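Asks: Contents of start32.csv (CSV, C-alpha atoms and all ligand atoms) are below:
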chain,number,residue,atom,x,y,z
A,1,MET,CA,136.3,118.9,107.5
A,2,ILE,CA,137.8,122.3,107.7
A,3,VAL,CA,139.7,123.5,104.6
A,4,ASP,CA,142.6,126.0,105.3
A,5,CYS,CA,143.8,127.4,102.0
A,6,ASP,CA,145.5,130.2,100.1
A,7,PRO,CA,143.6,130.4,96.7
A,8,GLY,CA,145.5,130.0,94.4
A,9,HIS,CA,144.4,128.2,91.3
A,10,ASP,CA,144.8,124.7,92.7
A,11,ASP,CA,143.2,125.7,96.0
A,12,ALA,CA,140.2,126.8,94.0
A,13,LEU,CA,139.8,123.3,92.5
A,14,ALA,CA,140.3,121.8,95.9
A,15,LEU,CA,137.4,123.9,97.3
A,16,LEU,CA,135.1,122.8,94.5
A,17,LEU,CA,135.9,119.2,95.2
A,18,ALA,CA,135.4,119.7,98.9
A,19,VAL,CA,131.9,121.3,98.5
A,20,GLY,CA,131.0,119.2,95.4
A,21,ASP,CA,131.4,115.7,96.7
A,22,PRO,CA,128.4,114.6,98.8
A,23,ARG,CA,130.6,112.4,101.0
A,24,LEU,CA,132.2,115.5,102.6
A,25,ARG,CA,130.8,118.1,104.9
A,26,VAL,CA,132.7,121.3,104.9
A,27,LEU,CA,132.2,122.9,108.3
A,28,GLY,CA,134.2,126.0,107.4
A,29,VAL,CA,136.9,127.5,105.2
A,30,THR,CA,139.9,129.4,106.6
A,31,THR,CA,142.4,131.4,104.7
A,32,VAL,CA,146.0,132.1,105.1
A,33,ALA,CA,148.6,134.3,103.3
A,34,GLY,CA,150.7,132.3,100.8
A,35,ASN,CA,150.1,132.3,97.1
A,36,GLN,CA,148.9,135.9,97.5
A,37,THR,CA,148.3,138.3,100.4
A,38,LEU,CA,145.6,137.4,102.9
A,39,ASP,CA,143.0,139.9,101.6
A,40,LYS,CA,143.3,138.4,98.2
A,41,THR,CA,143.3,134.7,99.2
A,42,THR,CA,140.2,135.5,101.4
A,43,ARG,CA,138.4,137.2,98.6
A,44,ASN,CA,139.3,134.3,96.3
A,45,ALA,CA,137.9,131.7,98.7
A,46,LEU,CA,134.6,133.7,98.9
A,47,ARG,CA,134.5,134.0,95.2
A,48,MET,CA,134.9,130.2,94.6
A,49,LEU,CA,132.2,129.4,97.1
A,50,ALA,CA,129.9,131.9,95.5
A,51,LEU,CA,130.7,130.4,92.0
A,52,ALA,CA,129.9,126.9,93.4
A,53,GLY,CA,126.5,128.2,94.6
A,54,VAL,CA,127.5,127.4,98.2
A,55,ASP,CA,126.2,129.5,101.1
A,56,GLY,CA,126.2,128.9,104.8
A,57,VAL,CA,129.8,127.8,105.0
A,58,PRO,CA,131.7,130.3,107.2
A,59,VAL,CA,134.9,131.7,105.8
A,60,ALA,CA,137.4,133.3,108.2
A,61,ALA,CA,140.7,135.0,107.5
A,62,GLY,CA,143.8,133.9,109.4
A,63,CYS,CA,147.4,134.8,109.4
A,64,ASP,CA,148.8,137.4,107.0
A,65,ARG,CA,152.4,136.3,107.3
A,66,PRO,CA,154.5,133.3,108.5
A,67,LEU,CA,155.4,132.8,112.1
A,68,VAL,CA,159.0,133.9,111.4
A,69,GLY,CA,160.2,136.3,108.7
A,70,GLU,CA,158.2,137.9,105.9
A,71,LEU,CA,155.7,136.7,103.4
A,72,THR,CA,156.8,136.1,99.8
A,73,VAL,CA,153.8,135.5,97.6
A,74,ALA,CA,153.7,133.4,94.4
A,75,GLU,CA,152.4,136.1,92.0
A,76,ASN,CA,154.5,134.6,89.2
A,77,ILE,CA,152.3,131.6,89.4
A,78,HIS,CA,148.9,132.8,90.4
A,79,GLY,CA,148.9,136.4,89.2
A,80,ALA,CA,148.2,139.7,90.8
A,81,SER,CA,144.7,138.6,92.0
A,82,GLY,CA,145.8,135.1,93.1
A,83,LEU,CA,143.2,133.7,90.6
A,84,ASP,CA,144.2,135.3,87.4
A,85,GLY,CA,142.5,134.0,84.2
A,86,PRO,CA,138.7,134.1,84.4
A,87,ASP,CA,136.5,137.1,85.2
A,88,LEU,CA,135.5,136.4,88.8
A,89,ASP,CA,133.7,139.6,89.6
A,90,LEU,CA,130.6,138.4,91.4
A,91,PRO,CA,128.8,139.1,94.7
A,92,VAL,CA,130.3,137.2,97.6
A,93,ALA,CA,129.3,136.4,101.2
A,94,GLU,CA,130.7,138.4,104.1
A,95,VAL,CA,133.9,137.1,105.7
A,96,ALA,CA,133.3,135.9,109.3
A,97,ASP,CA,134.2,138.5,111.9
A,98,VAL,CA,136.5,136.1,113.8
A,99,HIS,CA,140.1,135.0,113.2
A,100,ALA,CA,140.5,131.7,111.4
A,101,VAL,CA,142.1,130.1,114.4
A,102,GLU,CA,139.0,131.0,116.5
A,103,LEU,CA,136.7,129.7,113.8
A,104,MET,CA,138.6,126.4,113.7
A,105,ARG,CA,138.5,126.1,117.5
A,106,ARG,CA,134.7,126.7,117.6
A,107,LEU,CA,133.9,124.3,114.7
A,108,ILE,CA,136.1,121.6,116.2
A,109,VAL,CA,134.7,121.9,119.8
A,110,GLU,CA,131.1,122.1,118.5
A,111,SER,CA,131.4,119.2,116.1
A,112,ALA,CA,129.7,116.0,117.3
A,113,GLU,CA,132.6,114.0,115.8
A,114,PRO,CA,136.3,114.5,115.3
A,115,VAL,CA,137.2,116.9,112.5
A,116,THR,CA,139.6,116.5,109.6
A,117,LEU,CA,141.8,119.5,108.9
A,118,VAL,CA,142.8,119.8,105.3
A,119,ALA,CA,145.6,122.4,104.9
A,120,LEU,CA,146.4,123.6,101.4
A,121,GLY,CA,148.7,126.6,102.1
A,122,PRO,CA,151.4,127.5,104.6
A,123,LEU,CA,150.6,125.8,107.9
A,124,THR,CA,150.6,129.0,109.9
A,125,ASN,CA,146.9,128.9,111.0
A,126,VAL,CA,147.0,125.2,111.9
A,127,ALA,CA,150.2,125.7,113.9
A,128,LEU,CA,148.7,128.6,115.8
A,129,LEU,CA,145.5,126.6,116.5
A,130,LEU,CA,147.5,123.8,118.0
A,131,ARG,CA,149.6,126.1,120.1
A,132,ARG,CA,146.8,128.4,121.4
A,133,HIS,CA,144.2,125.7,121.8
A,134,PRO,CA,145.9,122.3,122.6
A,135,GLU,CA,142.7,121.2,124.1
A,136,VAL,CA,141.2,120.7,120.6
A,137,ALA,CA,143.9,118.2,119.5
A,138,PRO,CA,142.0,115.1,120.7
A,139,ARG,CA,139.0,116.2,118.5
A,140,VAL,CA,141.1,116.5,115.4
A,141,ARG,CA,140.7,113.3,113.4
A,142,ARG,CA,143.6,113.9,111.1
A,143,VAL,CA,145.6,116.7,109.4
A,144,VAL,CA,145.9,116.1,105.7
A,145,PHE,CA,148.2,118.7,104.2
A,146,MET,CA,149.5,119.5,100.7
A,147,GLY,CA,153.1,120.3,101.1
A,148,GLY,CA,156.7,119.2,101.1
A,149,SER,CA,158.1,116.5,98.9
A,150,THR,CA,160.0,113.2,99.1
A,151,GLU,CA,162.1,114.5,96.3
A,152,ARG,CA,163.0,118.0,95.2
A,153,GLY,CA,161.2,121.3,95.8
A,154,ASN,CA,159.5,123.9,93.6
A,155,THR,CA,160.4,127.1,95.4
A,156,THR,CA,164.0,126.3,96.4
A,157,PRO,CA,165.9,123.3,95.1
A,158,TYR,CA,164.7,121.2,98.0
A,159,GLY,CA,161.8,123.3,99.4
A,160,GLU,CA,158.1,123.2,98.5
A,161,PHE,CA,156.2,126.5,98.6
A,162,ASN,CA,153.8,125.9,101.5
A,163,ILE,CA,156.6,124.6,103.8
A,164,VAL,CA,159.3,127.1,102.7
A,165,THR,CA,156.8,129.9,103.3
A,166,ASP,CA,156.5,128.9,107.0
A,167,PRO,CA,158.9,126.2,108.1
A,168,GLU,CA,158.4,126.8,111.8
A,169,ALA,CA,154.6,126.3,111.4
A,170,ALA,CA,155.2,123.0,109.5
A,171,ASP,CA,157.6,121.9,112.3
A,172,ILE,CA,155.0,122.6,115.0
A,173,VAL,CA,152.4,120.5,113.0
A,174,LEU,CA,154.7,117.7,112.3
A,175,ARG,CA,155.7,117.4,115.9
A,176,SER,CA,152.1,117.6,117.2
A,177,GLY,CA,151.6,113.9,117.5
A,178,LEU,CA,148.3,114.2,115.5
A,179,PRO,CA,147.6,111.7,112.7
A,180,ILE,CA,149.0,113.4,109.6
A,181,THR,CA,148.9,112.7,105.9
A,182,MET,CA,151.4,114.5,103.7
A,183,ILE,CA,150.5,115.1,100.0
A,184,GLY,CA,153.8,116.2,98.5
A,185,LEU,CA,155.1,117.3,95.1
A,186,ASN,CA,156.2,113.7,94.4
A,187,VAL,CA,152.6,112.7,93.9
A,188,THR,CA,151.0,116.0,92.9
A,189,HIS,CA,153.2,116.3,89.9
A,190,GLN,CA,151.4,113.2,88.5
A,191,ALA,CA,148.1,115.1,88.3
A,192,LEU,CA,148.6,117.4,85.3
A,193,ALA,CA,146.0,119.7,83.9
A,194,THR,CA,146.5,118.7,80.2
A,195,GLU,CA,144.7,120.2,77.2
A,196,GLN,CA,142.4,117.2,77.4
A,197,ILE,CA,141.5,118.0,81.0
A,198,ILE,CA,140.9,121.7,80.2
A,199,ALA,CA,138.7,120.6,77.2
A,200,GLU,CA,136.8,118.4,79.6
A,201,PHE,CA,136.2,121.3,82.0
A,202,ARG,CA,135.0,123.5,79.1
A,203,GLY,CA,132.9,120.6,77.7
A,204,LEU,CA,130.8,120.6,80.9
A,205,GLY,CA,129.0,123.5,79.4
A,206,THR,CA,128.5,125.4,82.7
A,207,ARG,CA,129.9,128.7,83.9
A,208,LEU,CA,131.8,126.7,86.6
A,209,GLY,CA,133.3,124.4,84.1
A,210,THR,CA,134.4,127.3,81.9
A,211,VAL,CA,135.9,129.1,84.9
A,212,CYS,CA,137.9,125.9,85.7
A,213,ALA,CA,139.1,125.8,82.1
A,214,GLU,CA,140.2,129.4,82.3
A,215,LEU,CA,141.9,129.0,85.6
A,216,MET,CA,143.9,126.0,84.3
A,217,THR,CA,144.8,127.8,81.1
A,218,PHE,CA,146.3,130.6,83.1
A,219,PHE,CA,148.0,128.1,85.5
A,220,ALA,CA,149.4,126.3,82.5
A,221,SER,CA,150.9,129.5,81.0
A,222,ALA,CA,152.6,130.2,84.4
A,223,TYR,CA,154.1,126.7,84.7
A,224,LEU,CA,155.3,126.8,81.2
A,225,ARG,CA,157.0,130.2,81.7
A,226,GLU,CA,158.4,129.5,85.2
A,227,PHE,CA,159.3,125.8,85.0
A,228,GLY,CA,159.2,124.9,81.3
A,229,LEU,CA,156.3,122.4,82.1
A,230,PRO,CA,153.6,122.4,79.5
A,231,HIS,CA,150.9,121.1,81.9
A,232,PRO,CA,150.5,122.4,85.5
A,233,PRO,CA,150.2,120.0,88.4
A,234,VAL,CA,147.0,120.5,90.4
A,235,HIS,CA,148.5,120.0,93.9
A,236,ASP,CA,145.7,120.9,96.4
A,237,PRO,CA,142.7,118.9,95.3
A,238,ILE,CA,144.6,115.7,95.8
A,239,ALA,CA,144.6,116.3,99.6
A,240,VAL,CA,140.8,116.6,99.5
A,241,ALA,CA,140.5,113.5,97.2
A,242,ALA,CA,142.5,111.5,99.8
A,243,VAL,CA,139.9,112.4,102.5
A,244,ILE,CA,137.1,111.3,100.2
A,245,ASP,CA,138.7,108.0,99.2
A,246,ALA,CA,141.9,107.0,100.9
A,247,SER,CA,142.6,104.5,98.1
A,248,VAL,CA,143.3,107.4,95.7
A,249,VAL,CA,146.7,107.8,97.3
A,250,ARG,CA,149.2,105.1,98.5
A,251,THR,CA,151.0,106.1,101.7
A,252,VAL,CA,153.8,104.8,103.8
A,253,ALA,CA,154.5,105.7,107.4
A,254,ALA,CA,157.8,107.5,107.7
A,255,PRO,CA,159.6,110.0,109.9
A,256,VAL,CA,159.3,113.5,108.4
A,257,ALA,CA,161.3,116.5,109.7
A,258,VAL,CA,161.5,120.1,108.5
A,259,GLU,CA,164.9,121.6,108.0
A,260,LEU,CA,164.8,125.0,109.8
A,261,THR,CA,168.4,126.1,109.7
A,262,GLY,CA,169.9,124.8,106.5
A,263,THR,CA,171.8,127.5,104.6
A,264,TYR,CA,170.4,126.2,101.3
A,265,THR,CA,167.7,123.8,102.5
A,266,ARG,CA,165.6,125.7,105.0
A,267,GLY,CA,162.0,124.5,104.5
A,268,ALA,CA,162.9,121.1,103.1
A,269,THR,CA,160.9,118.1,104.2
A,270,VAL,CA,163.3,115.4,105.2
A,271,VAL,CA,161.4,112.2,104.6
A,272,ASP,CA,163.2,109.2,106.0
A,273,LEU,CA,161.6,106.6,103.7
A,274,HIS,CA,164.2,103.9,104.5
A,275,HIS,CA,164.2,104.5,108.3
A,276,ARG,CA,167.9,105.4,108.4
A,277,THR,CA,167.5,107.9,111.3
A,278,GLY,CA,165.8,105.5,113.8
A,279,ALA,CA,163.2,108.2,114.4
A,280,ALA,CA,159.6,107.1,114.9
A,281,PRO,CA,157.3,107.5,111.9
A,282,ASN,CA,155.1,110.6,112.4
A,283,VAL,CA,153.5,111.0,109.0
A,284,ASP,CA,151.7,108.9,106.5
A,285,VAL,CA,153.5,110.1,103.3
A,286,ALA,CA,151.8,109.8,99.9
A,287,VAL,CA,154.0,107.9,97.5
A,288,GLY,CA,151.5,106.9,94.9
A,289,LEU,CA,148.4,108.4,93.1
A,290,ASP,CA,145.6,106.8,91.2
A,291,VAL,CA,145.5,109.6,88.7
A,292,ASP,CA,142.4,108.5,86.8
A,293,ALA,CA,140.4,108.1,90.1
A,294,PHE,CA,141.5,111.5,91.2
A,295,TRP,CA,140.4,113.3,88.0
A,296,ASP,CA,137.2,111.4,88.0
A,297,LEU,CA,136.4,112.6,91.5
A,298,LEU,CA,137.2,116.2,90.7
A,299,MET,CA,135.4,116.3,87.3
A,300,THR,CA,132.3,114.6,88.9
A,301,ALA,CA,132.2,117.2,91.6
A,302,VAL,CA,132.5,120.2,89.2
A,303,ARG,CA,129.9,118.7,87.0
A,304,ARG,CA,127.6,118.2,89.9
A,305,LEU,CA,128.1,121.8,91.2
A,306,GLY,CA,127.5,123.3,87.8
A,307,ALA,CA,124.4,121.3,86.9
A,308,PRO,CA,121.2,123.3,86.8
A,309,ALA,CA,119.4,123.1,90.1
A,401,LIG,O1,153.7,124.1,96.2
A,401,LIG,C1,152.4,124.0,95.8
A,401,LIG,C2,151.5,124.5,96.9
A,401,LIG,O2,151.8,125.9,97.2
A,401,LIG,C3,150.0,124.6,96.5
A,401,LIG,O3,149.3,124.5,97.7
A,401,LIG,C4,149.9,125.9,95.9
A,401,LIG,O4,148.5,126.4,96.0
A,401,LIG,C5,150.7,126.7,96.8
A,401,LIG,O5,150.0,127.1,98.0
A,402,CA,CA,147.6,126.2,98.1
Here is a file; write its structure as structure tokens.
Replies:
Amino acid sequence: MIVDCDPGHDDALALLLAVGDPRLRVLGVTTVAGNQTLDKTTRNALRMLALAGVDGVPVAAGCDRPLVGELTVAENIHGASGLDGPDLDLPVAEVADVHAVELMRRLIVESAEPVTLVALGPLTNVALLLRRHPEVAPRVRRVVFMGGSTERGNTTPYGEFNIVTDPEAADIVLRSGLPITMIGLNVTHQALATEQIIAEFRGLGTRLGTVCAELMTFFASAYLREFGLPHPPVHDPIAVAAVIDASVVRTVAAPVAVELTGTYTRGATVVDLHHRTGAAPNVDVAVGLDVDAFWDLLMTAVRRLGAPA
């Protein structure tokens, strides 16, 4: 798989799950502007891989703004660094000297088998890959993205952050004809980092476990302040969990469109769950989550990564 992300507290957990579960092979990590500016999301991805003790996985920086319009970061949620909370000052690997889209292309073309793209931020890099290099599409097994919602949004009343940040990119991906799985807020809000989960991270007794506890403590404070929610939903790792074990999420095939011109609804994912539009289904939409199975996958991966070698 290739993980495209904008770390971001929940992206950080997703990266740990991706490199910590032995059933996955992370060919590369690409970063995109979203939760924070590209320089910060890239630094944060490098930091998380260093913390996880992973080397040899290339990290390439991608787009620093959406296809149309300007970037608005989520500093109110993720802080000035994009990973506020723990002290993450540690040596990191060098970022690759190629653009994320070129790294994606190379990894896909060089892979002996089709590659799963897991997209955890705005879909700008993925959209550009598909537009610049349509020849790689047959070698993409599936795009699994965290974004959108079958219900309401979190950034505008009907818009989820990743899609609202770059609606045109989401539109390109959703119209690509590729197999797509959508992990929206309607399921991610079932995976809440409660005090019990934070205590479980801290109870691992490893630096990685403590960092996860500190990340979630900061994330919780932000969600309480911004949304009045006492426990933050960990959105992104659910997309990775769905690749490890498809039974973690229940999906239905449905037509999904992105609103591009709505005065109040630009960036909304319009999910036709009851097939009212007559449009052909283009997305496998997550509508259920095995919450315990998800947390077990994530905790097991973090425990495995933090265990003394
Ligand atoms: O709306 C939640 C999504 O936006 C998550 O991927 C979070 O990391 C932010 O990118
Ligand atoms: Ca993200």
Asks: Figure out the distance between CA of Val243 (chain A) and CA of Val144 (chain A), please, to one decimal in Å.
Replies: 7.7 Å
Asks: Quick one: contact table of chain A to ligand CA 402 (chain A), 9 Å max, nearest atom pair and distance in Å to one decimal per residue, counting all atoms listed in the file, chain and number order, as CSV?
Replies:
residue,atom,partner,partner_atom,distance
A:Asp4,CA,A:CA402,CA,8.8
A:Cys5,CA,A:CA402,CA,5.6
A:Asp6,CA,A:CA402,CA,4.9
A:Pro7,CA,A:CA402,CA,6.0
A:Gly8,CA,A:CA402,CA,5.7
A:His9,CA,A:CA402,CA,7.8
A:Asp10,CA,A:CA402,CA,6.3
A:Asp11,CA,A:CA402,CA,4.9
A:Ala12,CA,A:CA402,CA,8.5
A:Ala14,CA,A:CA402,CA,8.8
A:Gly34,CA,A:CA402,CA,7.4
A:Asn35,CA,A:CA402,CA,6.7
A:Ala119,CA,A:CA402,CA,8.0
A:Leu120,CA,A:CA402,CA,4.4
A:Gly121,CA,A:CA402,CA,4.2
A:Pro122,CA,A:CA402,CA,7.6
A:Met146,CA,A:CA402,CA,7.4
A:Gly147,CA,A:CA402,CA,8.6
A:Phe161,CA,A:CA402,CA,8.6
A:Asn162,CA,A:CA402,CA,7.1
A:His235,CA,A:CA402,CA,7.5
A:Asp236,CA,A:CA402,CA,5.9
Asks: Take CA of Ile197 (chain A) and CA of Gln36 (chain A) and report the distance between them in Å, one decimal.
Replies: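 Taking CA of Ile197 (chain A) as the start and CA of Gln36 (chain A) as the end point, the length is 25.4 Å.
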Asks: Of the residues A:Leu185, A:Val54, A:Ala193, A:Leu129, which is the one nearest to ligand LIG 401 (chain A), using all atoms listed in the file?
Replies: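 Among the listed residues, the smallest separation from ligand LIG 401 (chain A) belongs to A:Leu185.
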Asks: Which residues, protein or nucleic acid, reach to within 10 Å of (145.2, 126.8, 79.0) in the file's coordinates when using all atoms listed in the file, and can you give that as a list in words?
Replies: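 Those residues, ordered by chain and then number, are Gly85, Ala193, Thr194, Glu195, Ile197, Ile198, Ala199, Cys212, Ala213, Glu214, Leu215, Met216, Thr217, Phe218, Phe219, Ala220, Ser221, Ala222, Pro230, His231 and Pro232 of chain A.
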Asks: For a quick check of understanding, using all atoms listed in the file, which of A:Pro179, A:Gly53, A:Pro91, A:Pro237 has the smallest distance to ligand LIG 401 (chain A)?
Replies: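 Among A:Pro179, A:Gly53, A:Pro91, A:Pro237, it is A:Pro237 that comes nearest to ligand LIG 401 (chain A).
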Asks: Leaving out region 273-287 of chain A and any residue of its chain fewer than 5 positions from it, which residues lie within 6 Å of it when counting all atoms listed in the file, given as a count of residues only?
Replies: 10
Asks: Which residue is closest to ligand LIG 401 (chain A)? Choose from A:His99, A:Arg175, A:Arg47, A:His189 and count only C-alpha atoms and all ligand atoms.
Replies: A:His189
Asks: Could you check which of A:Glu113, A:Asp272, A:Glu135, A:Asp39 is closest to Val95 (chain A), using all atoms listed in the file?
Replies: A:Asp39
Asks: Using CA of Ser81 (chain A) and CA of Leu49 (chain A) as the two end points, give the distance in Å to one decimal.
Replies: 16.3 Å
Asks: Between A:Ala307, A:Ala45, A:Ile244, A:Leu15, which one has atoms that come closest to Ala33 (chain A), using all atoms listed in the file?
Replies: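 That would be A:Ala45, the residue with the smallest distance to Ala33 (chain A).
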Asks: Env of region 58-70 of chain A: 7 Å cut, atoms = only C-alpha atoms, seq-sep filter 3 positions within chain, self excluded. Answer as an NGL selection string.
Replies: :A and (28-33 or 37-38 or 42 or 95-96 or 98-101 or 103 or 124-125 or 165-166 or 168-169)
Asks: Starting from the sparse input, extend region 37-46 of chain A to all heavy atoms and give the output as a compact mmCIF listing (two decimals), in the coordinates of the input.
Replies:
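Output (selection_35.txt):
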# COMPACT_ATOMS: atom_id res chain seq x y z
N THR A 37 148.50 137.72 99.09
CA THR A 37 148.30 138.30 100.40
C THR A 37 146.93 137.86 100.96
O THR A 37 146.04 137.42 100.22
CB THR A 37 148.31 139.85 100.29
OG1 THR A 37 147.35 140.22 99.29
CG2 THR A 37 149.69 140.35 99.89
N LEU A 38 146.79 137.98 102.26
CA LEU A 38 145.60 137.40 102.90
C LEU A 38 144.29 138.03 102.39
O LEU A 38 143.30 137.31 102.22
CB LEU A 38 145.70 137.69 104.44
CG LEU A 38 144.55 137.14 105.28
CD1 LEU A 38 144.51 135.61 105.24
CD2 LEU A 38 144.65 137.64 106.73
N ASP A 39 144.28 139.33 102.11
CA ASP A 39 143.00 139.90 101.60
C ASP A 39 142.63 139.28 100.28
O ASP A 39 141.44 139.03 100.03
CB ASP A 39 143.22 141.44 101.45
CG ASP A 39 144.37 141.80 100.49
OD1 ASP A 39 145.40 141.09 100.52
OD2 ASP A 39 144.23 142.77 99.73
N LYS A 40 143.64 138.94 99.46
CA LYS A 40 143.30 138.40 98.20
C LYS A 40 142.95 136.87 98.27
O LYS A 40 142.00 136.42 97.63
CB LYS A 40 144.52 138.54 97.22
CG LYS A 40 144.80 140.00 96.87
CD LYS A 40 145.99 140.15 95.96
CE LYS A 40 146.23 141.61 95.58
NZ LYS A 40 147.43 141.77 94.70
N THR A 41 143.66 136.13 99.10
CA THR A 41 143.30 134.70 99.20
C THR A 41 141.91 134.56 99.87
O THR A 41 141.15 133.67 99.51
CB THR A 41 144.34 133.93 100.09
OG1 THR A 41 144.41 134.48 101.41
CG2 THR A 41 145.70 133.95 99.43
N THR A 42 141.57 135.50 100.76
CA THR A 42 140.20 135.50 101.40
C THR A 42 139.15 135.80 100.38
O THR A 42 138.14 135.10 100.27
CB THR A 42 140.20 136.42 102.59
OG1 THR A 42 141.27 136.08 103.50
CG2 THR A 42 138.86 136.34 103.31
N ARG A 43 139.39 136.86 99.61
CA ARG A 43 138.40 137.20 98.60
C ARG A 43 138.24 136.08 97.58
O ARG A 43 137.13 135.76 97.15
CB ARG A 43 138.90 138.49 97.83
CG ARG A 43 137.92 139.01 96.79
CD ARG A 43 138.49 140.21 96.07
NE ARG A 43 139.74 139.85 95.37
CZ ARG A 43 140.66 140.76 94.98
NH1 ARG A 43 140.51 142.02 95.25
NH2 ARG A 43 141.74 140.37 94.34
N ASN A 44 139.34 135.41 97.25
CA ASN A 44 139.30 134.30 96.30
C ASN A 44 138.50 133.12 96.82
O ASN A 44 137.75 132.47 96.08
CB ASN A 44 140.67 133.92 95.83
CG ASN A 44 141.34 135.00 95.00
OD1 ASN A 44 140.66 135.84 94.39
ND2 ASN A 44 142.66 135.01 94.98
N ALA A 45 138.67 132.84 98.09
CA ALA A 45 137.90 131.70 98.70
C ALA A 45 136.41 132.04 98.64
O ALA A 45 135.59 131.20 98.26
CB ALA A 45 138.36 131.49 100.12
N LEU A 46 136.06 133.28 98.98
CA LEU A 46 134.60 133.70 98.90
C LEU A 46 134.11 133.58 97.51
O LEU A 46 132.97 133.13 97.29
CB LEU A 46 134.51 135.11 99.47
CG LEU A 46 134.76 135.30 100.97
CD1 LEU A 46 134.91 136.79 101.30
CD2 LEU A 46 133.62 134.68 101.79
